[in-house]
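To keep things clear, I will list the structure first and then write my remarks on it.
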Amino acid sequence: MAAEHDAPLLEMRNIRVAYGGVRAVDDVSIDLHAGEVVGLVGGNGAGKSTLMKTLSGAHRADSGEILVDGKVQSITNPRDAKALNIECIYQTLALADNVDAPANVFLGREMTSALGDLDDGAMEDATRKVMARLNPNFTRFTTPVMSLSGGQRQAVAIARAVYFNARIMIMDEPTAALGPAETAQVRDLVRQLKNEGIGIFLISHDIHDVFDLSDRISVMYHGRLVDTVRRDDVTADQVLGMIILGKKPDEVTSEEMAELQMGESPPAA
Amino acid sequence: MRIPRLASVTAVAAILLAACTSPSGSTGGSASAGGSASQGAASCTVAVSWNNFQQPRWAAADQPNIKDVVEAGGGTYMDHDANLDSEQQLTDVDTFISQGANVIIMLAQDQNAILPALQKAKDAGIPVIAYDRLIEDPDILYITFNNVGVGKAEAEALLKKVPEGNYVLIKGDPGDPNASTFLPQGWEDAGLKDAIDSGKIKVLNKDGDKWPDNYGTFTDTWSTENAQKNMEAIIDKANADGDKIDAILAENDSTAVGVAQALEGKNYGFPPLSGQDGDPTNLNNVALGKQYVDVWKNANELGKAAGQAALQLCQGKAMADITIDVDASVAPTDGNSPTDFSTPGGNTVKSLILQPTPITAENLGDVINAGWWVTKDDICQDVKAGDPGADACGV
Amino acid sequence: MANVADAAPAPGSSGTARPGLRGLGAATEIDLRLFGMVVALAIILVVFNLIEDGKFLRPINMVTLAVQATSVAILATGMVLIIVSRNIDLSVGSLVGFIAMIYALVMSQWMPDVLGMGSDFPFRWVIALAVGIGVGALFGAVQGFIIAYIGVPSFVVTLGGLLSIRGAVWYLSSGRTVTGLDSTFALLGGGGRGSIGGTLTWLVGAIGVVAVIVLLYNGRRQRRRFGFQLRPMWADVLLGVVGCGIILLLAWFANGNYLPPNLATQYAKEHNLAVPPGGLKISAGFPIPIILLIAVTVVMTWLATRRRFGRYVYAYGGNPDAAELAGINTRLTILKTFVLMGVLAALSAAVASARLNGATLDVGNSYELYVIAAAVVGGTSFAGGIGTIPGAVLGAFVMATLSYGLSFIGVNSPGQNVVAGLVLILAVAFDAFNRRRGGGSS
């Protein structure tokens, strides 16, 4: 279980991001422990993805600070994030479709010989070994990834993070493009990674994903953090209420709750 | 003075500059334009409208000669460059008229677009010389080279040297009527087609029997590289067929350089080769024996002829009464006064049509001595004893 | 043999027996598209040969053809990387013209007249070449910087380059033709003396054979090292025999190209050889520009497939966002492709100017069109991410063969242009058809 009494692996403090006057992320503070999954939920435009982009180096925060192992770190581009063992699995997968799986796993961090030539054999070998853990049925190591299925491509993306010893992993909608069997596979994978001591931010629309996998859940609403709650302390309806109304469970009136339960059914139920 | 102009914004400044720096005679003369014959050349302002002064030839040969002749005759010279812009050229001509030009020499960018400007000049009583390029109007004086004569001179020189044998014909860009029609017409006038029909001459590169379309190889954009590639293929083909190339009729100098380089690359030796333009590299090749003849349109003399004609028009002479004094090598075959010329557009204009000059190793010395725009250093580069141009170069 | 069993499940594409050409292709893992182009080129050559009653496929003709293709082929190797990374370079022709004029001026005027380096000064040609390569790299860097770091589309930047660099050539020479290169430099153009001779040609062939064997052996060793499934032995042997055979055949064929008789006689005089009554037959072998092209192709293929730079170029072409998110310095990568293109323009200009023994105002005119056509015929896709360097070189040879062959049989330039245009469209249409049908993978 998550050791919440330890110092957190990661802290993001008072992060702000504005896109031309719109406050996409407004003074959000959030933390993550080793071996913990924190679900990050909220409606469209709530600021989940933007917040995570500041962590992965894809976007710079306007203010606020990021601490890893208690030390303030500056993350201005993806390379900085990777140097801190922060790996991101994007919703858009972020694979180069025209090259093969090993090339994607090692993209930007290729193995080379002493003379700087690419060592494709070693990269394929390493990819095979990682894949054997993640997806034993994966066999197509030498064809461009554009010819792979959605689940296989997701496995390639995750293999990339795993191989490089991610300590902090950001998973943006990891099951969005997958069928039921593949979704189950990815869930198993998340549990496995968690048990290995990796801290995971899980962004998802699927409340079942979040409830199945998360230790804590952070809810965002219009750029603000509504609250972070322990999974065991809330019900799915309460979380839905936070997502839709932008209020903590104890601030919600009974009328609002009743209306919510009549009008809305949980998405993707 | 010449006023380069980059944008119409600067036109006003240019006009002011022209007005301020022109001798008073030019502005004062405007009132009596056309009717000032008896006053002599003293108040004669000659204006030249270039379509594109960027071509090196105009600055090197035509312009200084017109200017020198006009100024030596006591007249004033002015010009403008239209920079390939027909509308700019109309403005330029307007400016000339308002500045009191007595004669306007036009190198038209577009022979139709220029007509309104021509009409204005005629309305103001200013005679117009169409220089190097025809303008379709019966009242102009047309001064140019005999373009068909260039082809004739090329072929005459080669036919004299190689009356029988295998010829290769290298033509210019297929989209240029000079390449497809006028120059081959000159070749025909020199007797090439008769020699082909009688079997004395065999053309190695032809793809049919229709003269002149099927005879010879076109060179896209007249480019030296393309001419070289084509000639290499022609040499390979002739070798494969066991034919010997006896002479190469190339339409101009840029293609002739490519041909000479192909011959050199293949160590074929140098059969007589023609060209036209008088480019320094080609005259050097004539001296080195890589090219036999280079037909040259002596633009210096063309400029002189235009300057002389302009001065005489200033004096009120009728176009038919003009007499020019140019070098014998370029003198019109019909004498030194204008003759009637029937234009493709159905007009009859007065014209002075100068002859091109074929330059071979024999008269290369004259070119060097005349000190025209090609220097002796250029012509004689790398010439050794025993080369055809050794005598002319004095080695 | 390899311990196939403990390797992860067998890769799906190789090993399984499939009938016919596709089976052969799968077992030998050759690029079927490239193979198809070689076949197409062979067919074109044979058709011309039939039309000409066997007079076309002669060593001397093929050597001429190959040298004619060189300038464009050298540029095409760089254009592949430019197009793969979703850019275009329209300025290459003008840059070739500019650098060709620099070479001509450096060797015929600046060196002898300004720097006092006469024709006996050592290594003049190396200095001239270095100047040209420097100029090319500089122009490439400037254009690449504007494209990659300022964000102006490459089409616009290089269209501007096409116009302004071509204009600048005029100012270098005031529009004149400049001739008279260093005699060693001129050998880069091929020509009578610009070939490496019979012995060296065999040596080059031998190096090629050794390279093929080493490559195949290394491939097997590499697979065994990691326990991957090996290519069937028969496939490797077949590849080796065919590869070596083609190389040796080319060397033998090139050696069937003899020095022109008058040069041979001169050579005999210089080396005190007796001239036999039938004339001296001295093998000329590979022309120097072809050696240069082979070297450029090998180096560029290595850069594209064996180096990080090449991997990044292809990854960027496949998905620019993915490359950026993977932490690749994509701007620097793009800048490098243009610097490389500038260097290649300098090499191409060296061949073009050496062939002319100087430079005219219009050297390199419309090269950009032929280069792009060569890359596209060679299988490069404007969608980005797809294209190979050997393919582009083959594309350049297909285009040059058509042009030379049609010239040879007497078809004039308008006819040649019609054919070239149709072939271009046909090649791309064939690719599009194939991709839709087969999903692109073989």
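In the structure tokens, the first chain shown is A, the next is B, and so on; residue numbers restart at 1 for each chain, and ligands run from 1 in the order shown.
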Exercise. Which of range 62-278 of chain C counts as strand (DSSP E or B) under DSSP, as a PyMOL selection string please?
Worked result: chain C and resi 178-179+195+258
Restricting it to N, CA and C atoms, dump the selection as a PDB file, in the first residue's frame.
ATOM      1  N   VAL C 178      32.725  31.596 -67.048  1.00  0.00           N
ATOM      2  CA  VAL C 178      34.088  31.561 -66.544  1.00  0.00           C
ATOM      3  C   VAL C 178      34.646  30.154 -66.751  1.00  0.00           C
ATOM      4  N   THR C 179      35.781  30.062 -67.427  1.00  0.00           N
ATOM      5  CA  THR C 179      36.331  28.735 -67.699  1.00  0.00           C
ATOM      6  C   THR C 179      37.761  28.632 -67.190  1.00  0.00           C
ATOM      7  N   SER C 195      38.869   8.826 -65.285  1.00  0.00           N
ATOM      8  CA  SER C 195      38.432   7.510 -64.829  1.00  0.00           C
ATOM      9  C   SER C 195      39.567   6.886 -64.030  1.00  0.00           C
ATOM     10  N   TYR C 258      36.933   1.653 -73.008  1.00  0.00           N
ATOM     11  CA  TYR C 258      38.353   1.893 -73.246  1.00  0.00           C
ATOM     12  C   TYR C 258      38.640   3.374 -73.404  1.00  0.00           C
TER      13      TYR C 258
END
Problem set entry | Check: which chain A residues lie within 7 Å of chain C using only C-alpha atoms, as a list of chain:residue names |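 Selected residues: A:Ala58, A:Pro78, A:Arg79, A:Ala94, A:Leu95, A:Ala96, A:Asp97, A:Asn98, A:Val99, A:Leu107, A:Gly108, A:Asp117, A:Leu118, A:Gly121, A:Asp125, A:Arg128, A:Thr139, A:Arg140, A:Phe141.
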Prev. selection, C-alpha atoms, output as a compact mmCIF listing (two decimals), in the first residue's frame:
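Below you can see selection-v5.txt, which holds the result:
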# COMPACT_ATOMS: atom_id res chain seq x y z
CA ALA A 58 5.60 19.52 -22.92
CA PRO A 78 10.70 16.70 -22.24
CA ARG A 79 14.39 15.97 -21.81
CA ALA A 94 3.03 9.75 -29.49
CA LEU A 95 4.56 6.99 -31.57
CA ALA A 96 6.40 7.52 -34.84
CA ASP A 97 4.20 5.34 -37.04
CA ASN A 98 6.78 4.73 -39.74
CA VAL A 99 9.44 3.06 -37.59
CA LEU A 107 13.35 7.15 -29.53
CA GLY A 108 15.58 9.96 -28.34
CA ASP A 117 26.32 3.74 -34.59
CA LEU A 118 22.84 2.58 -33.68
CA GLY A 121 20.20 -5.67 -32.28
CA ASP A 125 16.68 -7.55 -27.68
CA ARG A 128 11.73 -8.13 -26.57
CA THR A 139 5.76 -10.55 -31.86
CA ARG A 140 6.03 -7.84 -34.47
CA PHE A 141 9.30 -6.20 -33.60
For this session: Using DSSP on the backbone coordinates, identify the residues of range 235-386 of chain B assigned to alpha helix (DSSP H); present them as a PyMOL selection string.
Result: chain B and resi 235-241+253-265+280-288+299-314+364-370+376-380
Problem set entry | Shell around Leu426 in chain C at 10 Å using only C-alpha atoms, local window under 6 positions removed, as an MDAnalysis selection string | chainID C and resid 377 420 432
Seminar exercise, completed: Students should find that CA of Val145 in chain A and CA of Ala101 in chain A are spaced 6.0 Å
How close does chain C get to chain B? List, as a Markdown table, each residue of chain C within 6 Å, its nearest atom pair and the distance in Å to one decimal, counting only C-alpha atoms.
| residue | atom | partner | partner_atom | distance |
| --- | --- | --- | --- | --- |
| C:Lys55 | CA | B:Ala240 | CA | 5.8 |
| C:Gly191 | CA | B:Gly265 | CA | 4.0 |
| C:Gly192 | CA | B:Gly265 | CA | 5.3 |
| C:Leu356 | CA | B:Gln261 | CA | 5.9 |
| C:Phe408 | CA | B:Ala233 | CA | 5.3 |
| C:Gly410 | CA | B:Asp207 | CA | 5.6 |
| C:Asn412 | CA | B:Thr217 | CA | 5.9 |
Exercise. Pick from C:Met37, C:Leu45, C:Ala354, C:Leu344: nearest to Val299 in chain C, with only C-alpha atoms counted?
Worked result: C:Leu344
For this session: List the neighbours of range 269-283 of chain C out to 7 Å using only C-alpha atoms; skip same-chain residues closer than 5 positions along the sequence, and give me the result as JSON, numbers by chain.
Result: {"C": [197, 198, 255, 256, 257, 258, 259, 261, 264]}
Exercise. Any idea what's packed within 9 Å of Thr127 in chain A, counting only C-alpha atoms, ignoring anything in its chain fewer than 4 positions away? Could you give it as an MDAnalysis selection string?
Worked result: chainID A and resid 101:102 105:106 122:123 131:132 141 156 159:160 163
Next, dump the selected residues to file, keeping only C-alpha atoms, as a compact mmCIF listing (two decimals), in the first residue's frame.
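Wrote result.txt, looks like this:
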# COMPACT_ATOMS: atom_id res chain seq x y z
CA ALA A 101 8.71 -0.93 -32.00
CA PRO A 102 12.32 -0.92 -30.78
CA VAL A 105 10.85 2.48 -27.38
CA PHE A 106 14.31 3.97 -27.65
CA ALA A 122 20.61 -4.65 -28.67
CA MET A 123 17.57 -2.38 -28.84
CA MET A 131 7.58 -6.82 -23.96
CA ALA A 132 7.80 -10.34 -22.60
CA PHE A 141 9.30 -6.20 -33.60
CA VAL A 156 4.91 -0.10 -27.05
CA ALA A 159 7.33 -0.37 -22.70
CA ARG A 160 9.14 2.85 -23.40
CA TYR A 163 12.37 0.31 -19.90
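We find CA of Leu273 in chain B and CA of Glu362 in chain B to be spaced 15.1 Å apart.
Relative to CA of Ala359 in chain C, CA of Met101 in chain C is found at 5.3 Å.
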Problem set entry | Residue contacts of Ile168 in chain A (8 Å, only C-alpha atoms) excluding same-chain residues fewer than 2 positions away, as a PyMOL selection string | chain A and resi 34+85-87+166+170+198-201
Problem set entry | Close residues, range 67-71 of chain A itself excluded, 12 Å, only C-alpha atoms, min 2 positions apart in chain, as a PyMOL selection string | chain A and resi 6-15+29-34+55+64-65+73-75+81+83-86+167-168+199
Mind dumping the selected residues with N, CA and C atoms as a PDB file, in the first residue's frame?
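This went into out_7.pdb:
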ATOM      1  N   ASP A   6       5.499   8.600   4.395  1.00  0.00           N
ATOM      2  CA  ASP A   6       6.818   8.949   3.850  1.00  0.00           C
ATOM      3  C   ASP A   6       6.748  10.323   3.210  1.00  0.00           C
ATOM      4  N   ALA A   7       7.915  10.889   2.944  1.00  0.00           N
ATOM      5  CA  ALA A   7       7.944  12.109   2.140  1.00  0.00           C
ATOM      6  C   ALA A   7       7.442  11.749   0.753  1.00  0.00           C
ATOM      7  N   PRO A   8       6.633  12.622   0.166  1.00  0.00           N
ATOM      8  CA  PRO A   8       6.134  12.285  -1.170  1.00  0.00           C
ATOM      9  C   PRO A   8       7.263  12.229  -2.195  1.00  0.00           C
ATOM     10  N   LEU A   9       7.048  11.340  -3.204  1.00  0.00           N
ATOM     11  CA  LEU A   9       7.987  11.234  -4.317  1.00  0.00           C
ATOM     12  C   LEU A   9       7.975  12.542  -5.115  1.00  0.00           C
ATOM     13  N   LEU A  10       6.768  13.040  -5.295  1.00  0.00           N
ATOM     14  CA  LEU A  10       6.617  14.233  -6.136  1.00  0.00           C
ATOM     15  C   LEU A  10       5.630  15.194  -5.491  1.00  0.00           C
ATOM     16  N   GLU A  11       5.985  16.458  -5.540  1.00  0.00           N
ATOM     17  CA  GLU A  11       5.014  17.478  -5.140  1.00  0.00           C
ATOM     18  C   GLU A  11       4.944  18.534  -6.226  1.00  0.00           C
ATOM     19  N   MET A  12       3.733  18.921  -6.580  1.00  0.00           N
ATOM     20  CA  MET A  12       3.551  20.071  -7.475  1.00  0.00           C
ATOM     21  C   MET A  12       2.849  21.118  -6.631  1.00  0.00           C
ATOM     22  N   ARG A  13       3.470  22.326  -6.528  1.00  0.00           N
ATOM     23  CA  ARG A  13       2.910  23.327  -5.615  1.00  0.00           C
ATOM     24  C   ARG A  13       2.486  24.575  -6.375  1.00  0.00           C
ATOM     25  N   ASN A  14       1.246  24.936  -6.167  1.00  0.00           N
ATOM     26  CA  ASN A  14       0.718  26.214  -6.667  1.00  0.00           C
ATOM     27  C   ASN A  14       0.996  26.425  -8.156  1.00  0.00           C
ATOM     28  N   ILE A  15       0.711  25.402  -8.944  1.00  0.00           N
ATOM     29  CA  ILE A  15       0.963  25.493 -10.386  1.00  0.00           C
ATOM     30  C   ILE A  15      -0.116  26.353 -11.045  1.00  0.00           C
ATOM     31  N   SER A  29      -2.179  22.366  -6.299  1.00  0.00           N
ATOM     32  CA  SER A  29      -1.113  21.643  -5.604  1.00  0.00           C
ATOM     33  C   SER A  29      -1.536  20.184  -5.486  1.00  0.00           C
ATOM     34  N   ILE A  30      -0.569  19.311  -5.723  1.00  0.00           N
ATOM     35  CA  ILE A  30      -0.923  17.896  -5.816  1.00  0.00           C
ATOM     36  C   ILE A  30       0.347  17.114  -5.493  1.00  0.00           C
ATOM     37  N   ASP A  31       0.208  15.920  -4.939  1.00  0.00           N
ATOM     38  CA  ASP A  31       1.420  15.144  -4.681  1.00  0.00           C
ATOM     39  C   ASP A  31       1.220  13.673  -5.010  1.00  0.00           C
ATOM     40  N   LEU A  32       2.326  12.932  -5.000  1.00  0.00           N
ATOM     41  CA  LEU A  32       2.303  11.534  -5.434  1.00  0.00           C
ATOM     42  C   LEU A  32       3.399  10.797  -4.670  1.00  0.00           C
ATOM     43  N   HIS A  33       3.037   9.608  -4.143  1.00  0.00           N
ATOM     44  CA  HIS A  33       4.020   8.792  -3.427  1.00  0.00           C
ATOM     45  C   HIS A  33       4.451   7.622  -4.277  1.00  0.00           C
ATOM     46  N   ALA A  34       5.568   7.052  -3.901  1.00  0.00           N
ATOM     47  CA  ALA A  34       6.037   5.860  -4.606  1.00  0.00           C
ATOM     48  C   ALA A  34       5.020   4.736  -4.414  1.00  0.00           C
ATOM     49  N   LEU A  55       4.319  18.786 -16.023  1.00  0.00           N
ATOM     50  CA  LEU A  55       5.171  17.802 -15.363  1.00  0.00           C
ATOM     51  C   LEU A  55       6.042  17.052 -16.368  1.00  0.00           C
ATOM     52  N   GLY A  64       4.672  28.514  -9.851  1.00  0.00           N
ATOM     53  CA  GLY A  64       4.563  27.293  -9.050  1.00  0.00           C
ATOM     54  C   GLY A  64       5.855  26.520  -9.115  1.00  0.00           C
ATOM     55  N   GLU A  65       5.967  25.480  -8.254  1.00  0.00           N
ATOM     56  CA  GLU A  65       7.200  24.709  -8.281  1.00  0.00           C
ATOM     57  C   GLU A  65       6.940  23.218  -8.215  1.00  0.00           C
ATOM     58  N   GLN A  73      12.873  21.219  -8.718  1.00  0.00           N
ATOM     59  CA  GLN A  73      13.466  20.916 -10.022  1.00  0.00           C
ATOM     60  C   GLN A  73      12.871  21.833 -11.087  1.00  0.00           C
ATOM     61  N   SER A  74      13.689  22.145 -12.082  1.00  0.00           N
ATOM     62  CA  SER A  74      13.173  22.948 -13.189  1.00  0.00           C
ATOM     63  C   SER A  74      12.939  22.033 -14.385  1.00  0.00           C
ATOM     64  N   ILE A  75      11.704  22.012 -14.852  1.00  0.00           N
ATOM     65  CA  ILE A  75      11.372  21.170 -16.009  1.00  0.00           C
ATOM     66  C   ILE A  75      10.905  22.085 -17.128  1.00  0.00           C
ATOM     67  N   ALA A  81      12.340  16.308 -18.019  1.00  0.00           N
ATOM     68  CA  ALA A  81      11.449  15.388 -17.318  1.00  0.00           C
ATOM     69  C   ALA A  81      12.008  13.970 -17.339  1.00  0.00           C
ATOM     70  N   ALA A  83      15.039  13.080 -17.593  1.00  0.00           N
ATOM     71  CA  ALA A  83      16.224  12.987 -16.742  1.00  0.00           C
ATOM     72  C   ALA A  83      15.811  12.735 -15.293  1.00  0.00           C
ATOM     73  N   LEU A  84      14.601  13.143 -14.920  1.00  0.00           N
ATOM     74  CA  LEU A  84      14.101  12.925 -13.558  1.00  0.00           C
ATOM     75  C   LEU A  84      13.282  11.634 -13.474  1.00  0.00           C
ATOM     76  N   ASN A  85      13.363  10.804 -14.518  1.00  0.00           N
ATOM     77  CA  ASN A  85      12.601   9.556 -14.591  1.00  0.00           C
ATOM     78  C   ASN A  85      11.093   9.790 -14.548  1.00  0.00           C
ATOM     79  N   ILE A  86      10.674  10.877 -15.154  1.00  0.00           N
ATOM     80  CA  ILE A  86       9.241  11.118 -15.316  1.00  0.00           C
ATOM     81  C   ILE A  86       8.898  10.739 -16.755  1.00  0.00           C
ATOM     82  N   ARG A 167      10.034   6.463 -12.552  1.00  0.00           N
ATOM     83  CA  ARG A 167       9.647   6.472 -11.146  1.00  0.00           C
ATOM     84  C   ARG A 167       8.289   7.137 -11.027  1.00  0.00           C
ATOM     85  N   ILE A 168       8.070   8.056 -11.966  1.00  0.00           N
ATOM     86  CA  ILE A 168       6.783   8.751 -12.003  1.00  0.00           C
ATOM     87  C   ILE A 168       6.229   8.559 -13.402  1.00  0.00           C
ATOM     88  N   GLY A 199       5.230   5.570  -9.002  1.00  0.00           N
ATOM     89  CA  GLY A 199       4.105   6.443  -8.744  1.00  0.00           C
ATOM     90  C   GLY A 199       3.422   6.785 -10.055  1.00  0.00           C
TER      91      GLY A 199
END
